[in-house]
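So this one's my_file.cif, mmCIF, C-alpha atoms:
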```
data_run
#
loop_
_atom_site.label_atom_id
_atom_site.label_comp_id
_atom_site.auth_asym_id
_atom_site.auth_seq_id
_atom_site.Cartn_x
_atom_site.Cartn_y
_atom_site.Cartn_z
CA LEU F 267 0.00 0.00 0.00
CA MET F 268 2.85 2.39 0.91
CA LYS F 269 4.47 1.70 -2.45
CA ARG F 270 1.26 2.58 -4.24
CA VAL F 271 0.88 5.83 -2.28
CA SER F 272 4.52 6.79 -2.97
CA LEU F 273 4.15 6.10 -6.68
CA PHE F 274 0.90 8.05 -6.68
CA LYS F 275 2.60 11.05 -5.06
CA LEU F 276 5.59 10.74 -7.37
CA SER F 277 3.32 10.95 -10.40
CA PHE F 278 2.04 14.33 -9.16
CA ILE F 279 5.63 15.58 -8.99
CA ILE F 280 6.82 14.23 -12.36
CA LEU F 281 3.74 15.12 -14.45
CA PRO F 282 3.91 18.90 -13.88
CA LEU F 283 7.63 18.84 -14.65
CA LEU F 284 6.93 17.10 -17.96
CA LEU F 285 4.20 19.62 -18.79
CA VAL F 286 6.52 22.54 -18.05
CA ALA F 287 9.29 21.00 -20.15
CA CYS F 288 6.94 20.59 -23.09
CA ARG F 289 6.30 24.32 -23.19
CA PHE F 290 9.92 24.92 -24.17
CA ILE F 291 9.94 22.50 -27.09
CA PRO F 292 9.69 24.57 -30.32
CA SER F 293 6.56 23.90 -32.34
CA GLU F 294 7.05 22.15 -35.66
CA SER F 295 4.88 24.89 -37.23
CA GLN F 296 7.43 27.56 -36.32
CA SER F 297 10.55 28.08 -38.41
CA ILE F 298 12.78 30.73 -39.95
CA ILE F 299 11.29 31.65 -43.33
CA ASP F 300 13.40 33.00 -46.19
CA TRP F 301 10.89 35.49 -47.60
CA VAL F 302 11.06 36.78 -51.15
CA ASP F 303 10.59 40.54 -51.54
CA PHE F 304 6.84 40.85 -52.15
CA VAL F 305 3.85 43.10 -51.56
CA ARG F 306 0.22 42.01 -51.78
CA TRP F 307 -2.29 44.65 -52.77
CA ASN F 308 -5.88 44.52 -54.10
CA GLY F 309 -5.72 40.75 -54.39
CA VAL F 310 -2.51 40.82 -56.46
CA GLU F 311 0.91 39.64 -55.34
CA TYR F 312 3.74 41.89 -56.52
CA ASP F 313 7.39 40.79 -56.56
CA GLY F 314 10.37 43.12 -56.26
CA ILE F 315 12.28 44.05 -59.41
CA GLN F 316 15.87 43.29 -58.46
CA SER F 317 17.47 44.62 -61.66
CA GLY F 318 15.42 47.79 -62.01
CA ILE F 319 14.77 51.06 -60.16
CA LEU F 320 12.47 54.04 -60.59
CA ALA F 321 14.06 56.28 -63.23
CA ASN F 322 12.54 59.52 -61.96
CA GLU F 323 9.99 60.57 -59.35
CA GLU F 324 7.96 62.23 -62.12
CA PHE F 325 6.70 58.75 -63.03
CA ILE F 326 5.02 58.34 -59.62
CA ASP F 327 1.25 58.65 -59.93
CA GLU F 328 -1.08 58.56 -56.94
CA LYS F 329 -0.91 56.96 -53.53
CA VAL F 330 -3.06 53.83 -53.53
CA GLY F 331 -2.54 52.60 -49.98
CA GLU F 332 -0.15 51.68 -47.21
CA VAL F 333 1.56 48.54 -45.96
CA LYS F 334 -0.47 47.04 -43.13
CA PHE F 335 1.89 44.32 -41.90
CA ARG F 336 5.56 43.36 -42.29
CA VAL F 337 5.80 39.57 -42.32
CA ALA F 338 9.62 39.19 -42.01
CA ASP F 339 10.66 38.77 -38.36
CA HIS F 340 7.01 38.47 -37.33
CA VAL F 341 5.65 35.36 -39.08
CA THR F 342 7.24 31.97 -38.33
CA ASN F 343 4.46 29.68 -39.54
CA PRO F 344 5.16 28.48 -43.12
CA SER F 345 1.41 27.87 -43.53
CA TYR F 346 0.68 31.59 -43.08
CA LYS F 347 -1.52 32.89 -45.90
CA ILE F 348 -0.52 36.38 -46.98
CA LYS F 349 -3.20 39.08 -46.97
CA ASP F 350 -3.80 42.40 -48.69
CA GLY F 351 -1.43 44.97 -47.23
CA ASP F 352 1.24 42.40 -46.31
CA ALA F 353 4.83 43.13 -47.34
CA ALA F 354 7.92 41.03 -46.82
CA PHE F 355 10.31 43.73 -45.65
CA HIS F 356 8.52 47.10 -45.58
CA GLU F 357 7.27 48.46 -42.29
CA LYS F 358 3.62 49.12 -41.52
CA GLY F 359 2.60 52.54 -42.87
CA THR F 360 4.95 52.52 -45.89
CA ASP F 361 3.22 54.34 -48.77
CA ILE F 362 2.25 52.41 -51.91
CA TYR F 363 2.01 54.28 -55.23
CA SER F 364 0.88 53.52 -58.75
CA ILE F 365 3.19 54.32 -61.69
CA LYS F 366 1.94 56.40 -64.62
CA GLY F 367 0.94 54.29 -67.60
CA ASN F 368 2.02 51.05 -65.94
CA PRO F 369 -0.88 49.40 -64.10
CA GLU F 370 1.19 46.23 -63.61
CA LEU F 371 3.73 48.09 -61.45
CA ILE F 372 3.67 49.66 -57.98
CA ALA F 373 6.28 51.69 -56.10
CA LEU F 374 7.00 51.76 -52.37
CA LYS F 375 8.96 54.47 -50.59
CA ASP F 376 12.42 53.21 -49.60
CA LYS F 377 15.11 55.64 -48.49
CA THR F 378 17.83 53.01 -49.01
CA ALA F 379 16.98 52.54 -52.71
CA ILE F 380 18.55 54.58 -55.51
CA ASN F 381 16.07 57.36 -56.39
CA GLY F 382 14.05 56.64 -53.24
CA TYR F 383 11.59 53.93 -54.29
CA ARG F 384 11.52 50.16 -54.68
CA ILE F 385 9.54 48.85 -57.65
CA TYR F 386 7.30 45.76 -57.83
CA PHE F 387 5.60 43.97 -60.73
CA ALA F 388 2.36 41.98 -60.75
CA LYS F 389 3.36 38.33 -60.39
CA GLY F 390 1.64 35.92 -62.77
CA THR F 391 0.34 38.61 -65.12
CA THR F 392 3.61 40.31 -66.09
CA ASP F 393 6.78 38.65 -67.35
CA TYR F 394 10.05 39.68 -65.77
CA LYS F 395 11.56 41.94 -68.44
CA TRP F 396 14.49 43.64 -66.75
CA TYR F 397 17.32 41.28 -67.64
CA PHE F 398 20.28 42.77 -69.53
CA LYS F 399 19.11 41.02 -72.72
CA ASP F 400 15.91 43.08 -72.48
CA VAL F 401 17.62 46.49 -72.36
CA PRO F 402 16.81 48.61 -75.44
CA ILE F 403 20.50 49.44 -75.92
CA GLU F 404 19.89 52.09 -78.56
CA LYS F 405 17.71 54.07 -76.11
CA VAL F 406 20.21 54.29 -73.24
CA ASN F 407 20.86 58.02 -72.71
CA LEU F 408 22.51 58.09 -69.28
CA ILE F 409 24.61 55.72 -67.19
CA GLU F 410 25.19 56.18 -63.47
CA ILE F 411 27.76 54.26 -61.42
CA TYR F 412 27.40 53.80 -57.67
CA GLN F 413 29.76 52.24 -55.18
CA SER F 414 27.69 49.97 -53.00
CA TYR F 415 27.54 50.52 -49.31
CA SER F 416 25.19 48.97 -46.81
CA PRO F 417 22.43 50.05 -46.53
CA SER F 418 22.79 52.63 -49.33
CA ALA F 419 24.91 53.41 -52.39
CA LYS F 420 27.03 56.46 -53.26
CA LYS F 421 27.09 57.82 -56.82
CA ILE F 422 30.68 58.08 -58.03
CA SER F 423 30.26 58.75 -61.75
CA GLU F 424 27.81 59.40 -64.56
CA ILE F 425 28.21 59.04 -68.31
CA LYS F 426 26.21 61.35 -70.60
CA ASP F 427 28.39 61.53 -73.71
CA LYS F 428 26.86 59.36 -76.43
CA GLU F 429 30.18 57.90 -77.63
CA LYS F 430 31.23 56.98 -74.10
CA ILE F 431 27.82 55.41 -73.47
CA VAL F 432 28.29 53.25 -76.58
CA ASP F 433 31.81 52.26 -75.48
CA PHE F 434 30.59 51.31 -72.00
CA LEU F 435 27.69 49.26 -73.35
CA ASP F 436 29.99 47.49 -75.82
CA ILE F 437 32.12 46.32 -72.88
CA LEU F 438 29.00 44.94 -71.21
CA LYS F 439 27.79 43.25 -74.40
CA ASN F 440 31.18 41.65 -75.03
CA SER F 441 31.61 40.17 -71.54
CA LYS F 442 32.58 36.50 -71.55
CA GLU F 443 30.46 34.00 -69.63
CA ASP F 444 32.50 31.89 -67.23
CA SER F 445 30.46 29.91 -64.71
CA ASN F 446 33.65 28.44 -63.21
CA PHE F 447 35.19 31.80 -62.33
CA GLN F 448 36.16 32.22 -58.68
CA PRO F 449 37.06 35.73 -57.50
CA ASN F 450 40.43 36.20 -55.82
CA ASN F 451 39.61 37.28 -52.27
CA ASP F 452 42.93 36.33 -50.64
CA HIS F 453 43.66 39.82 -49.38
CA THR F 454 40.40 41.75 -49.61
CA ASN F 455 36.73 41.35 -50.44
CA SER F 456 35.50 42.36 -53.88
CA THR F 457 34.41 45.96 -54.44
CA HIS F 458 30.76 46.20 -55.47
CA TYR F 459 29.39 48.73 -57.95
CA GLU F 460 25.85 49.35 -59.14
CA ILE F 461 25.43 50.52 -62.72
CA VAL F 462 22.14 52.11 -63.75
CA LEU F 463 21.13 52.36 -67.41
CA TYR F 464 18.50 55.00 -68.13
CA THR F 465 16.22 55.07 -71.16
CA ASP F 466 12.91 56.88 -71.68
CA GLU F 467 11.15 54.17 -69.63
CA PRO F 468 9.94 54.67 -66.02
CA ILE F 469 12.15 51.78 -64.87
CA ALA F 470 15.91 52.12 -65.25
CA TYR F 471 18.00 48.95 -65.49
CA LYS F 472 20.32 48.24 -62.56
CA TYR F 473 23.10 45.63 -62.38
CA THR F 474 25.98 44.82 -60.07
CA ILE F 475 29.62 44.82 -61.18
CA GLU F 476 32.30 43.46 -58.85
CA PHE F 477 36.08 43.89 -58.84
CA ASP F 478 38.34 41.50 -56.93
CA GLY F 479 41.48 43.59 -57.38
CA ALA F 480 42.38 42.00 -60.70
CA THR F 481 39.18 41.15 -62.55
CA TYR F 482 35.86 42.90 -63.17
CA TYR F 483 32.87 40.54 -63.37
CA TRP F 484 29.09 40.66 -63.27
CA TYR F 485 25.93 38.55 -63.63
CA PRO F 486 23.84 39.40 -66.73
CA TRP F 487 22.64 35.80 -66.45
CA ASP F 488 25.53 33.60 -65.39
CA THR F 489 28.88 34.88 -64.09
CA SER F 490 30.61 36.82 -66.85
CA ILE F 491 34.06 38.42 -67.08
CA LEU F 492 34.33 42.05 -68.17
CA SER F 493 37.25 43.65 -69.98
CA ASN F 494 39.46 45.64 -67.64
CA GLU F 495 38.79 48.54 -70.03
CA ILE F 496 35.69 49.19 -67.94
CA GLY F 497 38.01 50.41 -65.20
CA LYS F 498 38.60 53.67 -67.07
CA PHE F 499 34.93 54.55 -66.44
CA ILE F 500 35.07 53.77 -62.71
CA PRO F 501 36.85 56.28 -60.45
CA ASN F 502 39.25 54.77 -57.91
#
```

Rewrite the structure from the file as structure tokens, please.
Amino acid sequence: LMKRVSLFKLSFIILPLLLVACRFIPSESQSIIDWVDFVRWNGVEYDGIQSGILANEEFIDEKVGEVKFRVADHVTNPSYKIKDGDAAFHEKGTDIYSIKGNPELIALKDKTAINGYRIYFAKGTTDYKWYFKDVPIEKVNLIEIYQSYSPSAKKISEIKDKEKIVDFLDILKNSKEDSNFQPNNDHTNSTHYEIVLYTDEPIAYKYTIEFDGATYYWYPWDTSILSNEIGKFIPN
């Protein structure tokens, strides 16, 4: 009888301890989510344009709304269903604008972005058309070069002369694809530059060029090596 009573009492001690311990076991429904840069508005999901920026604020039309909820750092359930007003990385209250003549695009204020806005396109209804192969080369009328800093970039040069623009674009067009290239980072990290190609379109084309101390390279699709001639356009 004493054994039964002792075991009975012991169960009252062990059970609460087990219950408490269970509270500290992470739920399987919670995890770190690698969000893509998106905004959902009026039933449409918009994805960020990574190789394009707003060319000029004059293309901004009217304010259509505001971000209602930032999901990054707040949502850990992979089953979460995004709602109108949700954005991956923009804070609640960030203004959302339409872009003149481009109903498939929206712009969100972003002080870290070149020209002050980040641009999004309607996923599923609009093809991604901001790869280098899509640039209307003959319409490029201005090139800006930025040295990348986190979280912003500093403009270090601009090219307006038509002949120099042609020379610069020829270097880009003649880059050699080399998927096996490995940058030489023995002594220092590569220097990052952003180049922006402006046309008469509301979205300017933006690409990253890197320099490892010996070689300039970029990613028009796959890793490609640029002629060191491009260095004459980039101030040291």

Which residues are near Val310 (chain F)? Cut-off 10 Å, all atoms listed in the file, ignore same chain within fewer than 6 positions. Put them as a ChimeraX atom specification. /F:349-350,370,387-391

Measuring between only C-alpha atoms, which one of F:Lys329, F:Lys377, F:Lys439, F:Lys428 shows the shortest distance to His356 (chain F)?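 For His356 (chain F), the nearest of the candidates is F:Lys377.
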
Restricting the calculation to only C-alpha atoms: of F:Leu435, F:Ala379, F:Leu374, F:Ile299, which residue gets closest to Pro402 (chain F)? F:Leu435

note - CA of Ile461 (chain F) and CA of Tyr386 (chain F) are separated by 19.4 Å

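When CA of Val302 (chain F) is paired with CA of Pro344 (chain F), their separation reads 13.0 Å.
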
Apply the PyMOL selection byres ((chain F and resi 463) around 8) to the displayed file and report the matching residues as a ChimeraX atom specification. /F:406-410,461-462,464-465,470-472

Which polymer residues have any atom within 7 Å of an atom of Ile437 (chain F), counting all atoms listed in the file, with same-chain residues fewer than 3 positions away left out, as a short mmCIF file (atom, residue, chain, number, x, y, z; two decimals) with C-alpha atoms, in the coordinates of the input?
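Saved to selection35.cif:
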```
data_model
loop_
_atom_site.label_atom_id
_atom_site.label_comp_id
_atom_site.auth_asym_id
_atom_site.auth_seq_id
_atom_site.Cartn_x
_atom_site.Cartn_y
_atom_site.Cartn_z
CA ASP F 433 31.81 52.26 -75.48
CA PHE F 434 30.59 51.31 -72.00
CA ASN F 440 31.18 41.65 -75.03
CA SER F 441 31.61 40.17 -71.54
CA LEU F 492 34.33 42.05 -68.17
CA SER F 493 37.25 43.65 -69.98
CA ILE F 496 35.69 49.19 -67.94
#
```

Expected selection from the PyMOL selection byres ((chain F and resi 319-328) around 6), given as a PyMOL selection string: chain F and resi 318+329+363-366+468-470

Can you write just those residues out, C-alpha atoms, as a PDB file, keeping the file's coordinate frame?
```
ATOM      1  CA  GLY F 318      15.420  47.790 -62.010  1.00  0.00           C
ATOM      2  CA  LYS F 329      -0.910  56.960 -53.530  1.00  0.00           C
ATOM      3  CA  TYR F 363       2.010  54.280 -55.230  1.00  0.00           C
ATOM      4  CA  SER F 364       0.880  53.520 -58.750  1.00  0.00           C
ATOM      5  CA  ILE F 365       3.190  54.320 -61.690  1.00  0.00           C
ATOM      6  CA  LYS F 366       1.940  56.400 -64.620  1.00  0.00           C
ATOM      7  CA  PRO F 468       9.940  54.670 -66.020  1.00  0.00           C
ATOM      8  CA  ILE F 469      12.150  51.780 -64.870  1.00  0.00           C
ATOM      9  CA  ALA F 470      15.910  52.120 -65.250  1.00  0.00           C
TER      10      ALA F 470
END
```

With a distance cut-off of 10 Å and all atoms listed in the file, select the neighbouring residues of Phe447 (chain F), excluding the residue or stretch itself and same-chain residues fewer than 3 positions from it, and output the selection as an MDAnalysis selection string. chainID F and resid 443:444 450 483 489:491

Proximity to His340 (chain F) - best of F:Phe477, F:Trp301, F:Tyr312, F:Tyr394, only C-alpha atoms: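 Answer, going by the shortest atom-to-atom distance: F:Trp301.
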
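Residues with at least one atom no more than 6 Å from (24.5, 43.0, -60.8), using all atoms listed in the file, are F:Tyr473, F:Thr474, F:Ile475, F:Trp484, F:Tyr485.
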
Matched chain/residue IDs from the PyMOL selection byres ((chain F and resi 348) around 12), as JSON, numbers by chain: {"F": [301, 304, 305, 306, 307, 309, 310, 311, 312, 334, 335, 336, 337, 338, 341, 343, 344, 345, 346, 347, 349, 350, 351, 352, 353, 354]}

Proximity to Arg384 (chain F) - best of F:Val401, F:Ala419, F:Leu438, F:Ile362, all atoms listed in the file: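 For Arg384 (chain F), the nearest of the given residues is F:Ile362.
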